[in-house]
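Notes follow once the structure below has been shown.
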Protein chains: 2
Amino acid sequence: MTDRRLFLSLLATTGFLAASPVRAAGLTGGTGDLGLVVERATGSLLVVDRSERAAVRRIEGLGDLSHASLTYSPDERYAYVFGRDGGLTKVDIVNCAIAKRVIQAGNAIGGAISDDGRLVAVSNYEPGGIRVFDAESLEPVADIPSGAKTIGLADLPGRRFIWSQWETGDAWIADFSGKTLSVSRLGEVGRNPFDGVVTEDGQIYLVGLFGEKGVTAIDLWEQNPRPVRFLKDYGKLSDDQPVFKMPHLQGWAFTGGQFVLPAVGRHELLWVERTSLEQTGRTPTHGQPVFIIAQPASPYVWVNFALPDNDTVQIVDSRNHKVVRTLKPGPAVLHMEFAPRGAEVWMSVRDADRVAIYDTRSFEKLGEIEARSPSGIFFTSRAHRIGL
Amino acid sequence: MTDRRLFLSLLATTGFLAASPVRAAGLTGGTGDLGLVVERATGSLLVVDRSERAAVRRIEGLGDLSHASLTYSPDERYAYVFGRDGGLTKVDIVNCAIAKRVIQAGNAIGGAISDDGRLVAVSNYEPGGIRVFDAESLEPVADIPSGAKTIGLADLPGRRFIWSQWETGDAWIADFSGKTLSVSRLGEVGRNPFDGVVTEDGQIYLVGLFGEKGVTAIDLWEQNPRPVRFLKDYGKLSDDQPVFKMPHLQGWAFTGGQFVLPAVGRHELLWVERTSLEQTGRTPTHGQPVFIIAQPASPYVWVNFALPDNDTVQIVDSRNHKVVRTLKPGPAVLHMEFAPRGAEVWMSVRDADRVAIYDTRSFEKLGEIEARSPSGIFFTSRAHRIGL
């Protein structure tokens with residue numbers, strides 16, 4: 001940490017953040033406490049240091065970062081940034097620079113990295129399908145056209161990727177572990193799946209539906225995984241009332257043997273017991289939930305909300321489904337990221353142009369970092385989790 | 001990864017592993033895929049690179065490393081090594097060198113690092129008690145004498161540590177989150193606790209007993225955590241037959257809502273349902289289990305065995321409690337460490353002087369690394385887990 005501190009004081013004296021040069025001396029030390037904050041409006045990324053609770057560099061030139069997500073290489077040196085403009089950008093965190101950038105499609109929605117860190121897969125709306133690239137060179141490795149928009153792409157152990165398809169309503173797995181690529185269809189998940197997510201232990205793939213009611217679960221540990229429908233009233237408010245804004249499934253939390261979902265269009269969380277897939281509770285909330293995120297090593301989930309309630313965050317106890325605390329971090333809380341051992345949470349407060357850092361036990365504000373319209377926050381410890 | 005590869009070829013041409021110079025050029029790149037292998041007989045650590053499946057440097061001069069364990073700083077740059085000789089050594093992985101070393105007690109049994117990475121706690125047999133050090137300087141911060149040998153020391157969220165005490169048969173928490181240190185007694189856990197371990201989600205502290213039958217669980221999420229005894233026949237084989245070798249609780253696995261424990265003195269695993277604390281199954285095994293370790297993102301646990309069966313590893317399915325595979329990695333398999341996303345497992349095969357790497361799906365051997373009588377393997381991704 002000493003070296004990083006020296007480096008930081010050097011940066012402070014040279015006013016790097018204002019000048020934002022494209023290249024400078026690389027970061028030294030470990031990479032386990034670094035992270036990237038997406039600055040959506042300016043197409044830039046802010047490199048942050050968790051230990052110092054500070055920004056250390058800005059990386060610019062990433063194109064359209066609206067709804068951008070990213071994954072990390074297993075060594076935490078590189079981030080793969082999936083932009084809405086079809087751009088796939090490999091960012092070198094140590095040297096705080098763009099290592100490579102390709103425009104791989106017309107409109108991409110997300111991506112994933114294989115468990116061995118050798119393959120990066122991208123999910124495309126235009127022209128649809130999945131494209132897979134060599135993580136080192138970004139050269140194409142495989143093109144899996146589907147004739148459909150692909151959503152809910154995630155990595156699975158054993159050089160595999162899973163995804164669902166909007167127009168065809170099914171789920172697929174591509175397996176890169178053998179000499180030849182094997183692609184298999186898991187079956188129908190329902191009409192117009194809009195997102196999919198894998199539980200942290202890699203067992204369950206959950207798919208949210210736009211075209212009909214219900215949620216679909218697939219047990220990936222089974223010999224022949226097959227879709228099972230549950231929560232059959234979930235989704236549409238009524239048959240003739242379409243849902244215009246569906247929540248992202250990356251905002252569904254898994255905690256204490258339960259799934260926690262936002263009630264579509266309502267100010268409510270729904271609790272579903274994982275083993276029975278039965279709904280076991282509801283929690284009235286301050287607004288319409290967007291992200292529900294489990295605080296590591298705790299019974300709590302933290303929830304942010306859609307407009308006009310997006311200045312608020314609530315903390316809910318998964319044991320009794322009660323709200324235990326309401327915070328007002330500021331205008332437009334877009335995302336929350338926990339330190340991997342749960343001690344603190346970082347929140348993007350977009351319209352205040354800052355990231356706010358809170359202690360998860362005392363709820364005291366520990367620090368703030370200036371950022372330009374920050375949205376997603378991604379710590380490098382994500383490199384070690386599956387299904388992201 | 002490219003930089004690391006260049007560095008590796010440089011090392012190969014200069015034959016560094018044989019020469020083992022104390023200092024050399026530092027490692028560049030990310031630290032997320034590094035690890036340390038304890039070479040017990042020679043008091044040295046081998047720095048390994050998961051991505052390359054290779055050793056990259058050897059660090060010597062760590063004193064008595066029998067039963068040594070270690071934890072990582074949140075940035076993954078430093079390892080804190082707890083030696084049986086009371087030595088606390090801070091190892092700089094990036095520069096492959098010892099940063100600091102103090103002899104803090106006569107006989108230490110393990111340690112932990114606080115969730116903010118600022119405090120390192122060590123559990124001592126001689127003179128007993130807990131000593132806490134500044135992670136940066138290794139200067140003493142707190143001395144908590146107990147008049148008893150302390151065991152089962154682990155970090156909890158919020159700058160807290162938990163441990164149990166051999167002679168007094170109780171469990172304690174020290175809380176460093178406030179301005180002044182607060183130490184509190186959780187209550188009696190039973191006669192002569194020999195080890196304690198925290199579940200990966202930070203909820204349950206399990207304590208194994210030497211002086212009487214049973215296992216004790218403490219729910220750390222409760223307002224007033226209190227010890228609960230379960231598995232009341234566990235431990236001693238009969239009242240007049242003492243147990244000479246107790247398994248380490250670090251070898252108890254948590255998977256699919258179950259605890260998996262070695263049956264003391266028998267060739268068997270025991271399965272306990274986590275919510276009810278009732279025993280739900282037994283699995284006959286090849287030998288007497290030592291470490292039972294859950295393979296990430298899978299339903300499987302891997303088990304190694306005590307002499308004379310320590311050439312064997314078995315893989316058991318947590319859903320039906322059946323052995324699905326038996327491997328013979330070689331003489332004296334002492335430890336197993338999984339890649340954090342579960343794709344491969346590294347095993348110390350002590351008497352073959354090598355670390356063997358297996359694919360967890362195909363069970364194919366992926367590589368081998370020469371090492372001097374290797375025992376514990378610790379990947380840097382441990383920096384992001386609580387309770388270690």
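As shown in the structure tokens, the chain order sets the letters A, B, ...; within each chain, residues go from 1, and ligands are also counted from 1 in the order they appear.
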Legend entry - Residues within 8 Å of B:Ser66, only C-alpha atoms, excluding chain neighbours under 6 positions, as an MDAnalysis selection string: chainID B and resid 40:41 83:84
Take the residues from that selection and put them in a file with all heavy atoms, as a PDB file, in the first residue's frame.
ATOM      1  N   ARG B  40       7.286 -26.692   3.727  1.00  0.00           N
ATOM      2  CA  ARG B  40       7.384 -26.830   5.170  1.00  0.00           C
ATOM      3  C   ARG B  40       8.801 -27.165   5.639  1.00  0.00           C
ATOM      4  O   ARG B  40       9.327 -26.552   6.576  1.00  0.00           O
ATOM      5  CB  ARG B  40       6.401 -27.950   5.521  1.00  0.00           C
ATOM      6  CG  ARG B  40       6.370 -28.399   6.900  1.00  0.00           C
ATOM      7  CD  ARG B  40       5.258 -29.463   6.974  1.00  0.00           C
ATOM      8  NE  ARG B  40       5.287 -30.095   8.285  1.00  0.00           N
ATOM      9  CZ  ARG B  40       4.247 -30.713   8.812  1.00  0.00           C
ATOM     10  NH1 ARG B  40       3.117 -30.784   8.139  1.00  0.00           N
ATOM     11  NH2 ARG B  40       4.333 -31.272   9.990  1.00  0.00           N
ATOM     12  N   ALA B  41       9.421 -28.095   4.979  1.00  0.00           N
ATOM     13  CA  ALA B  41      10.703 -28.610   5.475  1.00  0.00           C
ATOM     14  C   ALA B  41      11.817 -27.580   5.338  1.00  0.00           C
ATOM     15  O   ALA B  41      12.764 -27.569   6.118  1.00  0.00           O
ATOM     16  CB  ALA B  41      11.069 -29.884   4.719  1.00  0.00           C
ATOM     17  N   GLY B  83       3.714 -18.649  11.679  1.00  0.00           N
ATOM     18  CA  GLY B  83       4.545 -19.850  11.848  1.00  0.00           C
ATOM     19  C   GLY B  83       4.387 -20.423  13.238  1.00  0.00           C
ATOM     20  O   GLY B  83       4.046 -19.713  14.190  1.00  0.00           O
ATOM     21  N   ARG B  84       4.658 -21.703  13.352  1.00  0.00           N
ATOM     22  CA  ARG B  84       4.514 -22.388  14.637  1.00  0.00           C
ATOM     23  C   ARG B  84       5.524 -21.867  15.670  1.00  0.00           C
ATOM     24  O   ARG B  84       5.339 -22.030  16.868  1.00  0.00           O
ATOM     25  CB  ARG B  84       4.675 -23.900  14.404  1.00  0.00           C
ATOM     26  CG  ARG B  84       4.055 -24.747  15.472  1.00  0.00           C
ATOM     27  CD  ARG B  84       2.575 -24.413  15.607  1.00  0.00           C
ATOM     28  NE  ARG B  84       1.956 -25.070  16.746  1.00  0.00           N
ATOM     29  CZ  ARG B  84       1.329 -26.236  16.682  1.00  0.00           C
ATOM     30  NH1 ARG B  84       1.193 -26.856  15.533  1.00  0.00           N
ATOM     31  NH2 ARG B  84       0.803 -26.783  17.749  1.00  0.00           N
TER      32      ARG B  84
END
Inset, instruction - Can you pull out every residue within 10 Å of A:Ala352, counting only C-alpha atoms, but drop anything in the same chain fewer than 2 positions away, and send it as a PyMOL selection string? - result: chain A and resi 329-333+348-350+354-356+370-374
Include N, CA, C and O atoms and write out the residues we just selected as a compact mmCIF listing (two decimals), in the first residue's frame.
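The result, written out as part.txt:
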# COMPACT_ATOMS: atom_id res chain seq x y z
N PRO A 329 -28.71 8.90 0.02
CA PRO A 329 -27.34 9.24 -0.42
C PRO A 329 -27.28 10.44 -1.36
O PRO A 329 -26.23 11.08 -1.46
N GLY A 330 -28.37 10.75 -2.06
CA GLY A 330 -28.34 11.90 -2.96
C GLY A 330 -29.06 11.60 -4.25
O GLY A 330 -29.65 10.52 -4.41
N PRO A 331 -29.04 12.55 -5.19
CA PRO A 331 -29.84 12.42 -6.41
C PRO A 331 -29.32 11.35 -7.39
O PRO A 331 -28.17 11.39 -7.77
N ALA A 332 -30.19 10.42 -7.75
CA ALA A 332 -29.91 9.39 -8.76
C ALA A 332 -28.85 8.40 -8.32
O ALA A 332 -27.74 8.36 -8.84
N VAL A 333 -29.21 7.58 -7.32
CA VAL A 333 -28.34 6.47 -6.91
C VAL A 333 -28.53 5.35 -7.94
O VAL A 333 -29.56 4.69 -7.97
N SER A 348 -22.95 4.89 -6.66
CA SER A 348 -22.89 5.96 -7.65
C SER A 348 -24.04 6.91 -7.43
O SER A 348 -25.20 6.49 -7.50
N VAL A 349 -23.74 8.17 -7.13
CA VAL A 349 -24.79 9.19 -7.00
C VAL A 349 -24.63 10.09 -8.23
O VAL A 349 -23.95 11.11 -8.20
N ARG A 350 -25.28 9.66 -9.31
CA ARG A 350 -25.01 10.25 -10.62
C ARG A 350 -25.15 11.76 -10.66
O ARG A 350 -24.24 12.46 -11.09
N ARG A 354 -20.72 12.11 -7.93
CA ARG A 354 -19.79 11.52 -6.96
C ARG A 354 -20.17 10.07 -6.63
O ARG A 354 -21.31 9.64 -6.84
N VAL A 355 -19.16 9.37 -6.11
CA VAL A 355 -19.36 8.04 -5.54
C VAL A 355 -19.31 8.21 -4.03
O VAL A 355 -18.36 8.81 -3.51
N ALA A 356 -20.35 7.74 -3.33
CA ALA A 356 -20.39 7.85 -1.87
C ALA A 356 -20.09 6.49 -1.25
O ALA A 356 -20.57 5.46 -1.76
N GLU A 370 -15.08 12.17 -6.36
CA GLU A 370 -15.66 12.88 -7.50
C GLU A 370 -15.64 12.00 -8.74
O GLU A 370 -14.64 11.33 -9.02
N ALA A 371 -16.73 12.00 -9.49
CA ALA A 371 -16.81 11.22 -10.72
C ALA A 371 -17.81 11.92 -11.63
O ALA A 371 -18.73 12.59 -11.15
N ARG A 372 -17.65 11.74 -12.95
CA ARG A 372 -18.55 12.39 -13.90
C ARG A 372 -19.75 11.50 -14.17
O ARG A 372 -19.62 10.45 -14.81
N SER A 373 -20.92 11.88 -13.70
CA SER A 373 -22.15 11.08 -13.90
C SER A 373 -21.90 9.58 -13.77
O SER A 373 -22.11 8.82 -14.71
N PRO A 374 -21.45 9.13 -12.60
CA PRO A 374 -21.08 7.72 -12.46
C PRO A 374 -22.29 6.79 -12.55
O PRO A 374 -23.37 7.12 -12.06
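The smallest atom-to-atom distance between B:Ala79 and any of B:Val141, B:Val198, B:Ile113, B:Leu261, using only C-alpha atoms, is found for B:Ile113.
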Would you list which chain B residues are within 8 Å of chain A using only C-alpha atoms, as a compact mmCIF listing (two decimals) with N, CA and C atoms, in the first residue's frame?
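New file result.txt:
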# COMPACT_ATOMS: atom_id res chain seq x y z
N MET B 1 -0.91 -10.78 -19.10
CA MET B 1 -0.29 -12.10 -19.03
C MET B 1 0.99 -12.15 -19.85
N GLY B 29 2.09 -6.78 -13.64
CA GLY B 29 0.76 -7.25 -14.01
C GLY B 29 -0.14 -7.38 -12.81
N GLY B 30 -1.28 -8.08 -13.01
CA GLY B 30 -2.24 -8.26 -11.93
C GLY B 30 -1.76 -9.29 -10.93
N THR B 31 -2.35 -9.24 -9.74
CA THR B 31 -1.98 -10.20 -8.69
C THR B 31 -3.10 -11.20 -8.41
N GLY B 32 -4.19 -11.12 -9.18
CA GLY B 32 -5.36 -11.96 -8.87
C GLY B 32 -5.18 -13.43 -9.13
N ASP B 33 -4.16 -13.81 -9.91
CA ASP B 33 -3.98 -15.22 -10.24
C ASP B 33 -2.70 -15.78 -9.63
N LEU B 34 -2.21 -15.13 -8.57
CA LEU B 34 -1.01 -15.63 -7.91
C LEU B 34 -1.38 -16.47 -6.68
N SER B 51 -2.48 -18.72 -13.93
CA SER B 51 -2.71 -18.65 -15.38
C SER B 51 -1.65 -19.43 -16.14
N PRO B 74 -5.99 -6.99 1.48
CA PRO B 74 -7.07 -6.82 0.49
C PRO B 74 -6.56 -6.50 -0.92
N ASP B 75 -5.38 -5.89 -1.00
CA ASP B 75 -4.84 -5.58 -2.33
C ASP B 75 -4.08 -6.77 -2.92
N GLU B 76 -3.95 -7.86 -2.16
CA GLU B 76 -3.27 -9.09 -2.59
C GLU B 76 -1.76 -8.93 -2.73
N ARG B 77 -1.23 -7.80 -2.29
CA ARG B 77 0.20 -7.64 -2.43
C ARG B 77 0.98 -8.38 -1.33
N VAL B 94 4.68 -9.10 -4.76
CA VAL B 94 5.08 -8.41 -5.99
C VAL B 94 6.61 -8.37 -6.11
N ASP B 115 -11.28 -7.00 8.10
CA ASP B 115 -11.89 -6.81 6.78
C ASP B 115 -11.39 -5.56 6.07
N ASP B 116 -10.89 -4.58 6.82
CA ASP B 116 -10.35 -3.39 6.17
C ASP B 116 -8.85 -3.53 5.89
N GLU B 136 0.48 -2.67 8.33
CA GLU B 136 1.52 -1.96 7.58
C GLU B 136 2.90 -2.17 8.23
N PRO B 157 -16.90 -9.46 9.72
CA PRO B 157 -17.07 -8.11 9.17
C PRO B 157 -17.09 -7.06 10.28
N GLY B 158 -16.65 -5.85 9.97
CA GLY B 158 -16.69 -4.76 10.94
C GLY B 158 -15.50 -4.76 11.88
N GLU B 200 -18.87 -19.61 5.05
CA GLU B 200 -18.44 -18.63 4.04
C GLU B 200 -19.30 -17.38 4.00
N ASP B 201 -20.56 -17.49 4.46
CA ASP B 201 -21.43 -16.31 4.47
C ASP B 201 -21.34 -15.56 5.79
N GLY B 202 -20.46 -16.00 6.68
CA GLY B 202 -20.23 -15.27 7.92
C GLY B 202 -21.30 -15.47 8.97
N GLN B 203 -22.23 -16.40 8.75
CA GLN B 203 -23.32 -16.53 9.72
C GLN B 203 -22.99 -17.41 10.92
N TRP B 221 -25.29 -13.78 13.39
CA TRP B 221 -26.20 -12.74 12.92
C TRP B 221 -27.24 -12.38 13.99
N PRO B 296 -15.90 -25.01 -5.82
CA PRO B 296 -16.79 -23.87 -6.10
C PRO B 296 -17.71 -24.14 -7.28
N ALA B 297 -18.91 -23.60 -7.23
CA ALA B 297 -19.87 -23.66 -8.33
C ALA B 297 -20.17 -25.09 -8.75
N SER B 298 -20.26 -25.98 -7.78
CA SER B 298 -20.54 -27.39 -8.07
C SER B 298 -21.20 -28.03 -6.86
N PRO B 299 -21.81 -29.23 -7.03
CA PRO B 299 -22.37 -29.94 -5.87
C PRO B 299 -21.34 -30.85 -5.19
N PRO B 340 -10.65 -20.05 -7.92
CA PRO B 340 -11.84 -19.48 -7.28
C PRO B 340 -13.14 -19.73 -8.05
N ARG B 341 -13.07 -19.91 -9.38
CA ARG B 341 -14.30 -20.22 -10.12
C ARG B 341 -14.46 -21.72 -10.35
N GLY B 342 -13.58 -22.54 -9.73
CA GLY B 342 -13.82 -23.98 -9.64
C GLY B 342 -13.34 -24.83 -10.80
N ALA B 343 -12.68 -24.25 -11.80
CA ALA B 343 -12.33 -25.03 -12.99
C ALA B 343 -11.24 -26.06 -12.72
N ARG B 361 -13.65 -31.12 -14.13
CA ARG B 361 -14.74 -31.78 -14.87
C ARG B 361 -14.26 -33.07 -15.51
N SER B 381 -6.92 -15.03 -4.20
CA SER B 381 -8.35 -14.73 -4.19
C SER B 381 -8.93 -14.90 -2.78
N ALA B 383 -8.02 -13.31 -0.38
CA ALA B 383 -8.07 -11.94 0.17
C ALA B 383 -9.50 -11.43 0.26
N HIS B 384 -10.40 -11.99 -0.55
CA HIS B 384 -11.75 -11.45 -0.67
C HIS B 384 -12.80 -12.27 0.06
N ARG B 385 -12.35 -13.25 0.86
CA ARG B 385 -13.29 -14.08 1.62
C ARG B 385 -13.17 -13.78 3.10
N ILE B 386 -14.29 -13.85 3.80
CA ILE B 386 -14.23 -13.61 5.24
C ILE B 386 -14.01 -14.93 5.96
Inset, instruction - Pick out each residue of stretch 48-182 of chain B that DSSP on the backbone tags as strand (DSSP E); I need them as an MDAnalysis selection string. - result: chainID B and resid 48:49 54:59 69:72 78:82 87:92 97:103 107:113 119:126 130:134 140:144 150:156 160:165 170:175 182
